[in-house]
Every structure is written in C-alpha cells, then in structure tokens.
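Here is the file upload_28.cif (mmCIF, C-alpha atoms).
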```cif
data_entry
#
loop_
_atom_site.label_atom_id
_atom_site.label_comp_id
_atom_site.auth_asym_id
_atom_site.auth_seq_id
_atom_site.Cartn_x
_atom_site.Cartn_y
_atom_site.Cartn_z
CA MET I 1 -20.44 9.79 -16.46
CA LYS I 2 -18.20 9.85 -19.53
CA SER I 3 -14.46 9.71 -18.92
CA ASP I 4 -12.16 12.25 -20.60
CA ILE I 5 -9.10 9.99 -20.31
CA THR I 6 -7.66 9.46 -23.81
CA PRO I 7 -6.40 6.08 -25.11
CA PRO I 8 -2.67 7.09 -24.86
CA GLN I 9 -3.27 8.33 -21.31
CA ARG I 10 -5.06 5.10 -20.47
CA ARG I 11 -2.14 3.02 -21.82
CA ALA I 12 0.26 5.05 -19.70
CA LEU I 13 -1.90 4.62 -16.60
CA TRP I 14 -2.09 0.86 -17.17
CA ALA I 15 1.72 0.71 -17.47
CA LEU I 16 1.98 2.52 -14.13
CA SER I 17 -0.66 0.20 -12.65
CA ILE I 18 1.35 -2.85 -13.77
CA ALA I 19 4.45 -1.37 -12.15
CA TYR I 20 2.51 -0.97 -8.90
CA PHE I 21 1.34 -4.58 -9.28
CA VAL I 22 4.96 -5.75 -9.51
CA GLN I 23 6.08 -3.63 -6.57
CA ALA I 24 3.13 -4.65 -4.38
CA THR I 25 3.57 -8.34 -5.19
CA GLY I 26 7.32 -8.25 -4.47
CA SER I 27 6.85 -6.17 -1.34
CA LEU I 28 3.94 -8.06 0.22
CA SER I 29 4.44 -11.63 -1.03
CA VAL I 30 6.36 -12.29 2.20
CA ALA I 31 3.01 -12.22 4.05
CA GLY I 32 1.58 -15.04 1.93
CA SER I 33 4.84 -17.02 1.76
CA LEU I 34 5.96 -17.12 5.38
CA ALA I 35 6.17 -20.92 5.50
CA PRO I 36 8.27 -21.38 2.29
CA ILE I 37 10.61 -18.54 3.31
CA SER I 38 10.99 -19.97 6.81
CA LEU I 39 11.67 -23.42 5.31
CA ALA I 40 14.22 -22.18 2.76
CA TRP I 41 16.35 -20.30 5.28
CA GLY I 42 15.50 -22.12 8.52
CA LEU I 43 13.60 -19.21 10.11
CA THR I 44 10.65 -18.83 12.46
CA ASP I 45 7.40 -17.24 11.23
CA ALA I 46 8.18 -14.18 13.36
CA GLN I 47 11.62 -13.77 11.72
CA SER I 48 10.06 -14.06 8.26
CA ALA I 49 7.34 -11.55 9.15
CA ARG I 50 10.00 -9.06 10.26
CA LEU I 51 11.30 -9.03 6.68
CA LEU I 52 8.02 -7.32 5.80
CA ALA I 53 8.52 -4.85 8.64
CA ILE I 54 12.12 -4.14 7.55
CA PHE I 55 10.93 -3.36 4.05
CA GLY I 56 8.18 -1.06 5.32
CA LEU I 57 10.42 0.89 7.68
CA THR I 58 13.12 1.27 5.00
CA PHE I 59 10.53 2.61 2.60
CA ALA I 60 9.15 4.97 5.23
CA LEU I 61 12.56 6.57 5.81
CA ALA I 62 13.65 6.55 2.18
CA ALA I 63 10.54 7.89 0.41
CA PRO I 64 10.74 11.52 1.61
CA LEU I 65 14.55 11.57 1.38
CA ALA I 66 14.38 10.21 -2.17
CA GLN I 67 12.30 13.25 -3.12
CA VAL I 68 14.86 15.55 -1.49
CA PHE I 69 17.78 14.04 -3.40
CA PHE I 70 16.09 12.91 -6.64
CA GLY I 71 12.78 14.80 -6.78
CA HIS I 72 14.18 17.24 -9.36
CA LEU I 73 14.45 14.43 -11.92
CA ARG I 74 11.57 13.81 -14.30
CA ARG I 75 8.92 11.59 -12.78
CA ARG I 76 9.39 8.82 -15.33
CA GLN I 77 13.14 8.73 -14.71
CA GLN I 78 12.50 8.30 -10.99
CA VAL I 79 10.13 5.37 -11.59
CA LEU I 80 12.56 3.67 -14.00
CA ALA I 81 15.40 3.99 -11.49
CA GLY I 82 13.22 2.69 -8.66
CA MET I 83 12.04 -0.35 -10.62
CA THR I 84 15.64 -1.18 -11.56
CA VAL I 85 16.84 -1.04 -7.95
CA PHE I 86 13.79 -3.03 -6.84
CA GLY I 87 14.62 -5.74 -9.39
CA LEU I 88 18.23 -5.88 -8.18
CA GLY I 89 17.06 -6.25 -4.58
CA SER I 90 14.76 -9.10 -5.59
CA ILE I 91 17.55 -11.09 -7.23
CA LEU I 92 19.72 -10.44 -4.18
CA PHE I 93 16.94 -11.93 -2.04
CA ALA I 94 16.81 -15.01 -4.27
CA LEU I 95 20.58 -15.54 -3.94
CA ALA I 96 20.85 -14.66 -0.21
CA PRO I 97 22.89 -17.27 1.73
CA ASN I 98 21.53 -16.35 5.18
CA TYR I 99 19.15 -14.13 7.15
CA GLY I 100 21.57 -11.21 7.22
CA TRP I 101 21.60 -11.05 3.43
CA LEU I 102 17.80 -11.37 3.37
CA VAL I 103 17.65 -8.24 5.52
CA VAL I 104 20.03 -6.44 3.16
CA ALA I 105 17.95 -7.51 0.15
CA ARG I 106 14.74 -6.22 1.72
CA ILE I 107 16.45 -2.90 2.46
CA VAL I 108 17.54 -2.62 -1.18
CA MET I 109 14.00 -3.45 -2.32
CA GLY I 110 12.65 -0.82 0.06
CA LEU I 111 15.04 1.79 -1.35
CA GLY I 112 13.89 0.98 -4.89
CA ALA I 113 10.23 1.04 -3.92
CA SER I 114 10.66 4.51 -2.40
CA LEU I 115 11.00 5.84 -5.96
CA ILE I 116 8.06 3.81 -7.28
CA GLY I 117 4.84 4.04 -5.24
CA PRO I 118 4.69 7.77 -4.43
CA VAL I 119 6.03 8.81 -7.84
CA LEU I 120 3.61 6.56 -9.76
CA VAL I 121 0.66 8.37 -8.24
CA ALA I 122 2.19 11.82 -8.71
CA LEU I 123 3.08 11.00 -12.32
CA GLY I 124 -0.29 9.49 -13.18
CA SER I 125 -2.28 12.34 -11.60
CA GLU I 126 -0.40 14.85 -13.77
CA LEU I 127 -1.09 12.97 -17.02
CA VAL I 128 -4.86 13.69 -16.92
CA LYS I 129 -7.21 16.60 -16.35
CA GLN I 130 -7.88 17.61 -12.76
CA LYS I 131 -11.43 16.23 -12.71
CA GLU I 132 -10.10 12.80 -13.77
CA ARG I 133 -7.40 12.58 -11.11
CA GLY I 134 -9.51 10.49 -8.74
CA SER I 135 -10.20 7.97 -11.49
CA ALA I 136 -6.57 7.99 -12.66
CA ILE I 137 -5.31 7.32 -9.14
CA ALA I 138 -7.83 4.49 -8.77
CA MET I 139 -6.59 2.98 -12.08
CA ILE I 140 -2.99 3.09 -10.89
CA LEU I 141 -3.84 1.61 -7.50
CA LEU I 142 -5.80 -1.14 -9.24
CA GLY I 143 -2.35 -2.70 -9.58
CA VAL I 144 -2.27 -3.11 -5.80
CA SER I 145 -5.67 -4.81 -5.90
CA MET I 146 -4.50 -7.08 -8.72
CA ALA I 147 -1.47 -7.95 -6.62
CA SER I 148 -3.87 -9.08 -3.90
CA MET I 149 -6.06 -11.04 -6.30
CA VAL I 150 -3.42 -12.57 -8.58
CA GLY I 151 0.10 -11.62 -7.55
CA ILE I 152 0.23 -12.59 -3.89
CA PRO I 153 -1.81 -15.85 -4.20
CA LEU I 154 0.29 -16.79 -7.24
CA ALA I 155 3.45 -15.89 -5.33
CA ALA I 156 2.35 -18.10 -2.43
CA TRP I 157 1.67 -20.97 -4.84
CA ILE I 158 5.04 -20.56 -6.62
CA ALA I 159 6.89 -20.35 -3.32
CA SER I 160 5.22 -23.50 -1.98
CA LEU I 161 5.75 -25.41 -5.25
CA LEU I 162 9.16 -24.18 -6.46
CA GLY I 163 10.59 -22.45 -3.41
CA ALA I 164 11.02 -18.86 -2.24
CA ARG I 165 14.27 -18.38 -4.18
CA VAL I 166 12.55 -19.07 -7.51
CA LEU I 167 9.73 -16.71 -6.52
CA PHE I 168 12.03 -13.74 -5.97
CA ALA I 169 14.05 -14.49 -9.08
CA LEU I 170 10.79 -14.25 -11.05
CA ILE I 171 9.88 -11.00 -9.28
CA SER I 172 13.24 -9.61 -10.38
CA ALA I 173 12.64 -10.62 -14.00
CA VAL I 174 9.16 -9.09 -14.07
CA SER I 175 10.53 -5.88 -12.54
CA PHE I 176 12.93 -5.44 -15.47
CA LEU I 177 10.12 -6.18 -17.95
CA SER I 178 8.07 -3.44 -16.27
CA VAL I 179 10.96 -1.03 -16.81
CA ILE I 180 10.71 -1.68 -20.56
CA ASN I 181 6.92 -1.29 -20.51
CA ILE I 182 7.10 2.10 -18.78
CA TRP I 183 9.84 3.25 -21.14
CA LEU I 184 7.62 2.49 -24.14
CA SER I 185 4.20 3.55 -22.81
CA VAL I 186 4.62 6.50 -20.44
CA PRO I 187 5.53 9.93 -21.83
CA ASP I 188 8.55 11.64 -20.31
CA SER I 189 6.63 14.90 -20.03
CA VAL I 190 6.05 15.37 -16.30
CA GLU I 191 8.75 17.42 -14.63
CA GLY I 192 9.99 16.60 -11.17
CA MET I 193 10.21 19.19 -8.45
CA ARG I 194 13.25 20.08 -6.37
CA ILE I 195 12.39 19.47 -2.75
CA ARG I 196 14.33 20.84 0.20
CA LEU I 197 14.50 19.11 3.56
CA GLN I 198 12.93 22.21 5.11
CA GLN I 199 9.89 21.68 2.89
CA VAL I 200 9.52 18.14 4.21
CA GLY I 201 9.56 19.51 7.74
CA GLY I 202 7.13 22.24 6.75
CA VAL I 203 4.60 19.75 5.39
CA LEU I 204 4.95 17.57 8.49
CA MET I 205 4.48 20.56 10.78
CA GLU I 206 1.21 21.55 9.07
CA ARG I 207 -1.41 19.98 11.32
CA THR I 208 -3.99 19.22 8.61
CA SER I 209 -1.38 17.30 6.60
CA LEU I 210 0.13 15.56 9.63
CA THR I 211 -3.22 14.22 10.81
CA ALA I 212 -4.01 13.17 7.22
CA PHE I 213 -0.75 11.19 7.17
CA LEU I 214 -1.70 9.62 10.51
CA VAL I 215 -4.95 8.43 8.92
CA VAL I 216 -2.84 6.61 6.33
CA PHE I 217 -0.46 5.22 8.98
CA PHE I 218 -3.17 3.83 11.27
CA ILE I 219 -5.22 2.35 8.40
CA THR I 220 -2.24 0.41 7.04
CA ALA I 221 -1.07 -0.59 10.52
CA GLY I 222 -4.53 -1.98 11.26
CA VAL I 223 -4.83 -3.80 7.94
CA TYR I 224 -1.34 -5.35 7.97
CA ASP I 225 -1.43 -6.20 11.66
CA MET I 226 -3.96 -8.81 10.57
CA TYR I 227 -2.86 -9.46 6.98
CA SER I 228 0.81 -10.19 7.72
CA PHE I 229 -0.21 -13.16 9.89
CA ILE I 230 -3.16 -14.38 7.87
CA SER I 231 -1.31 -17.58 6.95
CA PRO I 232 -0.54 -18.64 10.58
CA VAL I 233 -4.03 -17.52 11.67
CA ILE I 234 -5.74 -19.74 9.08
CA ARG I 235 -3.39 -22.61 9.96
CA ASP I 236 -3.72 -22.35 13.75
CA THR I 237 -7.24 -20.98 14.34
CA TRP I 238 -9.14 -22.44 11.37
CA HIS I 239 -6.87 -25.49 10.93
CA GLY I 240 -6.46 -24.74 7.23
CA SER I 241 -3.83 -25.91 4.75
CA HIS I 242 -1.61 -24.09 2.24
CA ASN I 243 -4.51 -24.36 -0.21
CA SER I 244 -6.81 -22.68 2.33
CA VAL I 245 -4.39 -19.76 2.56
CA SER I 246 -4.24 -19.45 -1.23
CA ILE I 247 -8.05 -19.48 -1.42
CA ALA I 248 -8.27 -16.79 1.27
CA LEU I 249 -5.75 -14.61 -0.56
CA ALA I 250 -7.66 -15.08 -3.83
CA VAL I 251 -10.94 -14.15 -2.13
CA ILE I 252 -9.30 -11.02 -0.74
CA GLY I 253 -7.97 -10.15 -4.17
CA VAL I 254 -11.25 -10.61 -6.06
CA ALA I 255 -13.22 -8.62 -3.49
CA GLY I 256 -10.49 -5.99 -3.52
CA ILE I 257 -10.85 -5.58 -7.27
CA VAL I 258 -14.58 -4.95 -6.79
CA GLY I 259 -13.80 -2.36 -4.12
CA ASN I 260 -11.30 -0.62 -6.38
CA LEU I 261 -13.69 -0.57 -9.34
CA PHE I 262 -16.41 0.79 -7.07
CA VAL I 263 -14.25 3.63 -5.77
CA ALA I 264 -13.16 4.57 -9.31
CA ARG I 265 -16.80 5.50 -9.96
CA ALA I 266 -17.71 6.64 -6.47
CA ALA I 267 -14.82 9.12 -6.53
CA ARG I 268 -16.82 11.21 -9.00
CA VAL I 269 -19.80 11.41 -6.62
CA TYR I 270 -18.65 11.16 -2.99
CA ARG I 271 -16.15 13.16 -0.99
CA ALA I 272 -12.96 11.36 0.01
CA GLU I 273 -13.80 11.83 3.70
CA THR I 274 -17.19 10.13 3.25
CA LEU I 275 -15.65 7.11 1.54
CA LEU I 276 -12.88 6.85 4.15
CA THR I 277 -15.35 6.93 7.04
CA PHE I 278 -17.55 4.32 5.35
CA GLY I 279 -14.61 2.02 4.55
CA MET I 280 -13.08 2.16 8.02
CA THR I 281 -16.45 1.57 9.69
CA VAL I 282 -17.06 -1.50 7.54
CA LEU I 283 -13.58 -2.80 8.41
CA VAL I 284 -14.05 -2.40 12.16
CA VAL I 285 -17.48 -4.09 12.15
CA ASP I 286 -16.25 -6.90 9.91
CA MET I 287 -13.19 -7.60 12.06
CA LEU I 288 -15.32 -7.75 15.19
CA ILE I 289 -17.55 -10.27 13.40
CA ILE I 290 -14.50 -12.34 12.37
CA MET I 291 -13.48 -12.53 16.05
CA LEU I 292 -16.88 -14.09 16.86
CA LEU I 293 -17.00 -16.58 13.98
CA PRO I 294 -17.01 -20.34 14.62
CA GLY I 295 -14.09 -22.28 13.17
CA ARG I 296 -15.53 -22.76 9.66
CA LEU I 297 -13.40 -21.61 6.74
CA ALA I 298 -16.42 -20.89 4.53
CA LEU I 299 -17.65 -18.25 6.99
CA LEU I 300 -14.17 -16.72 7.16
CA TYR I 301 -14.03 -16.45 3.36
CA VAL I 302 -17.38 -14.59 3.37
CA ALA I 303 -16.15 -12.18 6.04
CA LEU I 304 -12.92 -11.60 4.09
CA VAL I 305 -14.99 -10.45 1.09
CA PHE I 306 -16.22 -7.43 3.09
CA TRP I 307 -12.77 -6.93 4.65
CA ALA I 308 -11.07 -6.77 1.26
CA PHE I 309 -13.79 -4.61 -0.34
CA ALA I 310 -13.41 -2.01 2.41
CA THR I 311 -9.62 -2.19 2.37
CA ASP I 312 -9.33 -1.57 -1.36
CA LEU I 313 -11.85 1.23 -1.13
CA LEU I 314 -9.48 2.96 1.31
CA TRP I 315 -6.18 2.78 -0.63
CA PRO I 316 -7.03 5.09 -3.56
CA THR I 317 -9.30 7.28 -1.44
CA GLN I 318 -6.60 8.19 1.06
CA GLN I 319 -4.22 9.06 -1.81
CA ARG I 320 -6.96 11.13 -3.46
CA ARG I 321 -7.51 13.06 -0.23
CA ILE I 322 -3.82 13.92 0.00
CA VAL I 323 -3.87 15.19 -3.59
CA GLU I 324 -6.92 17.34 -2.77
CA ILE I 325 -5.60 18.93 0.41
CA SER I 326 -1.99 19.46 -0.69
CA ASP I 327 -0.62 22.53 -2.49
CA PRO I 328 0.62 21.93 -6.06
CA GLN I 329 4.11 23.03 -4.99
CA THR I 330 4.34 20.37 -2.29
CA ARG I 331 2.17 17.66 -3.88
CA GLY I 332 5.19 15.49 -4.74
CA ILE I 333 6.57 15.49 -1.22
CA SER I 334 3.05 15.08 0.22
CA LEU I 335 2.53 11.92 -1.85
CA ALA I 336 6.02 10.69 -0.91
CA LEU I 337 5.19 11.24 2.76
CA THR I 338 1.84 9.51 2.24
CA SER I 339 3.63 6.44 0.91
CA ALA I 340 6.19 6.74 3.70
CA PHE I 341 3.48 6.73 6.35
CA MET I 342 1.69 3.92 4.51
CA PHE I 343 4.70 1.61 4.43
CA CYS I 344 5.73 2.65 7.92
CA GLY I 345 2.24 1.53 8.96
CA ILE I 346 2.73 -1.74 7.06
CA GLY I 347 6.05 -2.30 8.80
CA PHE I 348 4.73 -1.28 12.21
CA GLY I 349 1.58 -3.38 11.86
CA ALA I 350 3.60 -6.43 10.79
CA ALA I 351 6.05 -5.87 13.66
CA VAL I 352 3.21 -5.57 16.20
CA ALA I 353 1.68 -8.78 14.87
CA SER I 354 5.04 -10.57 15.16
CA TRP I 355 5.22 -9.52 18.82
CA ILE I 356 1.58 -10.13 19.73
CA TYR I 357 0.77 -13.38 17.90
CA PRO I 358 3.27 -15.64 19.74
CA VAL I 359 1.87 -14.41 23.09
CA TRP I 360 -1.82 -13.56 22.62
CA GLY I 361 -2.56 -15.31 19.34
CA PHE I 362 -5.41 -14.56 16.97
CA TYR I 363 -7.53 -12.46 19.33
CA GLY I 364 -4.59 -10.28 20.31
CA VAL I 365 -3.81 -9.53 16.67
CA MET I 366 -7.43 -8.77 15.82
CA ALA I 367 -7.92 -6.51 18.87
CA SER I 368 -4.81 -4.49 18.05
CA SER I 369 -5.94 -4.19 14.40
CA VAL I 370 -9.31 -2.78 15.48
CA GLY I 371 -7.52 -0.38 17.82
CA PHE I 372 -5.40 0.98 14.97
CA LEU I 373 -8.49 1.52 12.80
CA LEU I 374 -10.26 3.43 15.57
CA LEU I 375 -7.20 5.67 15.84
CA ALA I 376 -7.44 6.21 12.06
CA LEU I 377 -11.06 7.34 12.40
CA PHE I 378 -10.09 9.73 15.18
CA SER I 379 -7.21 11.11 13.08
CA LEU I 380 -9.60 11.72 10.16
CA TRP I 381 -11.96 13.62 12.44
CA LEU I 382 -9.08 15.77 13.68
CA SER I 383 -7.77 16.38 10.17
CA GLU I 384 -11.19 17.56 8.98
CA ARG I 385 -11.50 19.93 11.93
CA PHE I 386 -8.07 21.42 11.22
CA ARG I 387 -8.86 21.67 7.50
CA ALA I 388 -12.14 23.51 8.17
CA HIS I 389 -10.39 25.88 10.58
CA SER I 390 -7.64 26.64 8.02
CA ALA I 391 -10.26 27.34 5.34
CA LYS I 392 -12.10 29.68 7.70
CA VAL I 393 -8.90 31.57 8.51
CA LYS I 394 -8.04 31.97 4.80
CA LEU I 395 -11.57 33.24 4.10
CA CYS I 396 -11.33 35.81 6.89
CA THR I 397 -7.86 37.02 5.86
CA GLY I 398 -8.33 36.70 2.13
#
```

In structure tokens, how does this file's structure come out?
Amino acid sequence: MKSDITPPQRRALWALSIAYFVQATGSLSVAGSLAPISLAWGLTDAQSARLLAIFGLTFALAAPLAQVFFGHLRRRQQVLAGMTVFGLGSILFALAPNYGWLVVARIVMGLGASLIGPVLVALGSELVKQKERGSAIAMILLGVSMASMVGIPLAAWIASLLGARVLFALISAVSFLSVINIWLSVPDSVEGMRIRLQQVGGVLMERTSLTAFLVVFFITAGVYDMYSFISPVIRDTWHGSHNSVSIALAVIGVAGIVGNLFVARAARVYRAETLLTFGMTVLVVDMLIIMLLPGRLALLYVALVFWAFATDLLWPTQQRRIVEISDPQTRGISLALTSAFMFCGIGFGAAVASWIYPVWGFYGVMASSVGFLLLALFSLWLSERFRAHSAKVKLCTG
C-alpha cells in the first residue's frame, strides 16, 4: 500500500525518531552498563539498577504534570526544551562525585525526558494525515528499536572500554546535536494544548483509558523486569562475559528492528488489539521457553530474537491504540499519561528485579515478568469490554 507521507514529513519524522533514539539510549543504557557504573562509583548491581527505576518513576510523575504546566507551548518547543534538560542531566551524571549526585542526575534526565517521549509521538502524529498516523508513530518509535540494536550495545561497549563517565558525556553531546537537528528539520506548526489538572484526573477516571494505561504499565513492567537484569542473568546463569552481553543486546536490537518494520506495515491491516494480543502471547510463551533452556548461550540468543520481535511490535501498537481511543481534545494528555505509565512500568519492573534477583535469582525474575504480562493481557480484555460498552451507550443515546 502506497504511503502518503511526503519527503519533508519523512525528514521531520526521522528527526523525531533520532531524538527518541538519543533519549532511549541515555535512559536505558544503565541496564546494559551495570558493571561499569558499579565499578566507577563503587556500587552494587542492585544500586545501579535502581538508577533506572529512579529515572522511570521521575518520568512517570513528571510527564502528566509537564503537560499541565507546559502543554500550551508549541509541540516543537516542548521537545527542544526537553532535549536540552536531558543533555544537562547527562553531563551532570558524567561529573557526579557520588551516588547522591547520580540520583539527582537521573531525576534531571527524567524531567527532561518527560517533555520528549510523549510529545514526540503527539507531534509526529499531527504532521501526517490520519490514515498515516500508525505508520508515523512506528517511524518515530523506530528510534527506540535502534537504541536497542545500536545505542544500548554501543553504550555498553563504550562504558566497558572508556568508562561510564565518558559514556554519559557523549550522551549529553548527542542530545545537544539532536536539538539542532529538530530545530532545522521539524516545522513549528503544531500547536500545544492547555491542559488542566482536572482534565488529567478526568482521563484517569475514564475506565476505558485507565485500563488501556494499565496495559502499557504491565507490558513495560514485564519487559524491564527481565531486561534490567539481563547482564547479571547472562553472567550468572549462562556464565557469559561482557562480550556475551553485548551480543545479546545486539540480537535484541536487530530482532526489534524487524518487529518495528513489521508493525509499520501491519498497522495498516490489523487492529491494534489484535497485534497487542499476538505480541503479548508470543512474549509469554517465549519467556517460559527461556526458563526451560539448557545453559547454552546460542539457544538463549535464538529465544531473544522472538522476545525482541514481540517487544518491539508492542511499543508502537500500544501508542497507536491510545491515539485511536482518545478524544482529540485530550490526546496530548493521554499520550503523556501513556508515557508516564510506560516509564513507571520500567521503573517498577527494574525495582522488582532489583529486589527479587538477589533472593530468588533468574527464575524469580522470569516468573514475575510472566506475571506482569498476564496482567497486561487481562487489562486489555477489560479495556476492550469497557470500550465496547461505551460505544453501545453512545449509539443508544446518540
């Protein structure tokens, strides 16, 4: 099917995708660089993993509030401000003298990211025709997949070779370069929308939206419960090296790219709910298989191909579903809340893993991940029931 996205629109979407790549790499590189971070500041793996949780929880609280205080600004202005703050937080991380300052730096990065992720999707979806929104969102979220394939493995390699401080200094520099790219490539034509705190509460009180947000929360909690400790798991359960971790992250990234490219086309054919159900089912089955695998890294890499394909099928699809079920007047806050629930799930999943892994190890982490994904499937079922009931009521009263 021929795309109606014009070359200028495509350039703008790629600029937004690159910005998401930078944010995702800076946000999630902690997961692939636990050992270098722990070494640089004398921390345990659990302490380093909590830096991921701190970022996620900061983002979760800040994203909806950022739309209340700054949502009236043009979308591009919000993204430029967010990338600038994110870059400042990254350089603060690189210069941090102790763990306390690392926590502060991750909070600053989380505050900056709260004006990036949700606004990128809202901005990109408004640059194209309605029928191309699914494809546009997939293009933007391709940056997240590229972060998995290139950014996070490269970050892990840089951190192990040159140290974690150099890594975050580079993330800061690339953040400021992304600011310039957006300034030059993305039109400043999409208005913001003034959001009141009551509107945030109203969206959260609407049961179809709330259960849709819970789908997002439980998916990300399940994924990052496992992903945040993939380095210790490969080291302790599969007796792998730093190179083994880098290979695993690269495998996840490549397979994720395939999943994202697949969903960009599948979005034109299949309903979001169908793709979400398929992706979550594949994840659950694959994780159960991983729990039964013998200790051979080659088999783990094969299983991670399916894990990453399903994961990257879910990211753009859950955002697309929120766009489809939200009203145009509240779409900005709905996407902000989606990102809030997503990063809250990342933070919660990473925190759960940091509590479970020292006590119950690999199998405890995997079991809790599967549990979160089953809750996501149940939330999707509930959300669809509420959505059908609301549509029936509108039809009867309309």

### Query
CA of Ala248 in chain I to CA of Trp315 in chain I: how many Å, to one decimal?
19.8 Å

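Residue neighbourhood of Leu204 in chain I, excluding near-sequence residues (fewer than 3 positions): Gln199, Val200, Gly201, Arg207, Ser209, Leu210, Phe213, Ser334 and Leu337 of chain I, at 9 Å, using all atoms listed in the file.
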
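In terms of minimum interatomic distance to Leu335 in chain I, I:Gln67 ranks closest within I:Gln67, I:Asn260, I:Ser175, I:Ser90, counting only C-alpha atoms.
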
### Message
Given only C-alpha atoms as the basis, pick out the residue of I:Ser17, I:Ser244, I:Ser390, I:Thr338 nearest to Val144 in chain I.
### Response
I:Ser17

Hits of the PyMOL selection byres ((chain I and resi 31) around 10) in this structure, as a PDB file with C-alpha atoms, in the frame of the given file:
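Saved result, out01.pdb, follows:
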```pdb
ATOM      1  CA  SER I  27       6.850  -6.170  -1.340  1.00  0.00           C
ATOM      2  CA  LEU I  28       3.940  -8.060   0.220  1.00  0.00           C
ATOM      3  CA  SER I  29       4.440 -11.630  -1.030  1.00  0.00           C
ATOM      4  CA  VAL I  30       6.360 -12.290   2.200  1.00  0.00           C
ATOM      5  CA  GLY I  32       1.580 -15.040   1.930  1.00  0.00           C
ATOM      6  CA  SER I  33       4.840 -17.020   1.760  1.00  0.00           C
ATOM      7  CA  LEU I  34       5.960 -17.120   5.380  1.00  0.00           C
ATOM      8  CA  ALA I  35       6.170 -20.920   5.500  1.00  0.00           C
ATOM      9  CA  ILE I  37      10.610 -18.540   3.310  1.00  0.00           C
ATOM     10  CA  ASP I  45       7.400 -17.240  11.230  1.00  0.00           C
ATOM     11  CA  SER I  48      10.060 -14.060   8.260  1.00  0.00           C
ATOM     12  CA  ALA I  49       7.340 -11.550   9.150  1.00  0.00           C
ATOM     13  CA  ARG I  50      10.000  -9.060  10.260  1.00  0.00           C
ATOM     14  CA  LEU I  51      11.300  -9.030   6.680  1.00  0.00           C
ATOM     15  CA  LEU I  52       8.020  -7.320   5.800  1.00  0.00           C
ATOM     16  CA  ILE I 152       0.230 -12.590  -3.890  1.00  0.00           C
ATOM     17  CA  ALA I 156       2.350 -18.100  -2.430  1.00  0.00           C
ATOM     18  CA  TYR I 224      -1.340  -5.350   7.970  1.00  0.00           C
ATOM     19  CA  TYR I 227      -2.860  -9.460   6.980  1.00  0.00           C
ATOM     20  CA  SER I 228       0.810 -10.190   7.720  1.00  0.00           C
ATOM     21  CA  PHE I 229      -0.210 -13.160   9.890  1.00  0.00           C
ATOM     22  CA  ILE I 230      -3.160 -14.380   7.870  1.00  0.00           C
ATOM     23  CA  SER I 231      -1.310 -17.580   6.950  1.00  0.00           C
ATOM     24  CA  PRO I 232      -0.540 -18.640  10.580  1.00  0.00           C
ATOM     25  CA  ALA I 350       3.600  -6.430  10.790  1.00  0.00           C
TER      26      ALA I 350
END
```

### Message
Under the PyMOL selection byres ((chain I and resi 97-100) around 10), which residues of this model are included? Write them out as a list in words.
### Response
Ala40, Trp41, Gly42, Leu43, Gln47, Ser48, Leu51, Leu92, Phe93, Ala94, Leu95, Ala96, Trp101, Leu102, Val103, Val104 and Ala105 of chain I

#### Entry: Counting only C-alpha atoms, the option among I:Ala388, I:Leu184, I:Ala353, I:Val254 closest to Ala46 in chain I
I:Ala353

### Query
range 267-272 of chain I: which residues within 6 Å, counting only C-alpha atoms, same-chain residues fewer than 6 positions away excluded, as a ChimeraX atom specification?
/I:134,317,321

### Query
Rounded to one decimal in Å, what is the spacing between CA of Met109 in chain I and CA of Ile18 in chain I?
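Answer for the CA of Met109 in chain I to CA of Ile18 in chain I separation: 17.1 Å.
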
Let me have the centre and edge lengths in Å, one decimal, of the box along x, y and z around every listed atom of range 47-58 of chain I with 8 Å of margin on each side, as lines of an AutoDock Vina configuration file.
```
center_x = 10.2
center_y = -6.4
center_z = 7.9
size_x = 21.8
size_y = 31.3
size_z = 23.7
```

#### Entry: Residues returned when the PyMOL selection byres ((chain I and resi 250) around 9) runs on this file, as a ChimeraX atom specification
/I:148-150,152-154,245-249,251-255

#### Entry: Val119 in chain I environment, 12 Å, only C-alpha atoms, sequence neighbours closer than 4 positions dropped, as an NGL selection string
:I and (16-17 or 19-20 or 63-64 or 66-67 or 70-83 or 112-115 or 123-126 or 137 or 140 or 190-193 or 319 or 331-340)

Save the residues we just selected, C-alpha atoms, as an mmCIF file, keeping the file's coordinate frame?
```cif
data_model
loop_
_atom_site.group_PDB
_atom_site.id
_atom_site.type_symbol
_atom_site.label_atom_id
_atom_site.label_comp_id
_atom_site.auth_asym_id
_atom_site.auth_seq_id
_atom_site.Cartn_x
_atom_site.Cartn_y
_atom_site.Cartn_z
ATOM 1 C CA LEU I 16 1.980 2.520 -14.130
ATOM 2 C CA SER I 17 -0.660 0.200 -12.650
ATOM 3 C CA ALA I 19 4.450 -1.370 -12.150
ATOM 4 C CA TYR I 20 2.510 -0.970 -8.900
ATOM 5 C CA ALA I 63 10.540 7.890 0.410
ATOM 6 C CA PRO I 64 10.740 11.520 1.610
ATOM 7 C CA ALA I 66 14.380 10.210 -2.170
ATOM 8 C CA GLN I 67 12.300 13.250 -3.120
ATOM 9 C CA PHE I 70 16.090 12.910 -6.640
ATOM 10 C CA GLY I 71 12.780 14.800 -6.780
ATOM 11 C CA HIS I 72 14.180 17.240 -9.360
ATOM 12 C CA LEU I 73 14.450 14.430 -11.920
ATOM 13 C CA ARG I 74 11.570 13.810 -14.300
ATOM 14 C CA ARG I 75 8.920 11.590 -12.780
ATOM 15 C CA ARG I 76 9.390 8.820 -15.330
ATOM 16 C CA GLN I 77 13.140 8.730 -14.710
ATOM 17 C CA GLN I 78 12.500 8.300 -10.990
ATOM 18 C CA VAL I 79 10.130 5.370 -11.590
ATOM 19 C CA LEU I 80 12.560 3.670 -14.000
ATOM 20 C CA ALA I 81 15.400 3.990 -11.490
ATOM 21 C CA GLY I 82 13.220 2.690 -8.660
ATOM 22 C CA MET I 83 12.040 -0.350 -10.620
ATOM 23 C CA GLY I 112 13.890 0.980 -4.890
ATOM 24 C CA ALA I 113 10.230 1.040 -3.920
ATOM 25 C CA SER I 114 10.660 4.510 -2.400
ATOM 26 C CA LEU I 115 11.000 5.840 -5.960
ATOM 27 C CA LEU I 123 3.080 11.000 -12.320
ATOM 28 C CA GLY I 124 -0.290 9.490 -13.180
ATOM 29 C CA SER I 125 -2.280 12.340 -11.600
ATOM 30 C CA GLU I 126 -0.400 14.850 -13.770
ATOM 31 C CA ILE I 137 -5.310 7.320 -9.140
ATOM 32 C CA ILE I 140 -2.990 3.090 -10.890
ATOM 33 C CA VAL I 190 6.050 15.370 -16.300
ATOM 34 C CA GLU I 191 8.750 17.420 -14.630
ATOM 35 C CA GLY I 192 9.990 16.600 -11.170
ATOM 36 C CA MET I 193 10.210 19.190 -8.450
ATOM 37 C CA GLN I 319 -4.220 9.060 -1.810
ATOM 38 C CA ARG I 331 2.170 17.660 -3.880
ATOM 39 C CA GLY I 332 5.190 15.490 -4.740
ATOM 40 C CA ILE I 333 6.570 15.490 -1.220
ATOM 41 C CA SER I 334 3.050 15.080 0.220
ATOM 42 C CA LEU I 335 2.530 11.920 -1.850
ATOM 43 C CA ALA I 336 6.020 10.690 -0.910
ATOM 44 C CA LEU I 337 5.190 11.240 2.760
ATOM 45 C CA THR I 338 1.840 9.510 2.240
ATOM 46 C CA SER I 339 3.630 6.440 0.910
ATOM 47 C CA ALA I 340 6.190 6.740 3.700
#
```

### Message
Quick check, in Å to one decimal: how far apart do CA of Phe348 in chain I and CA of Leu214 in chain I lie?
### Response
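Answer for the CA of Phe348 in chain I to CA of Leu214 in chain I separation: 12.8 Å.
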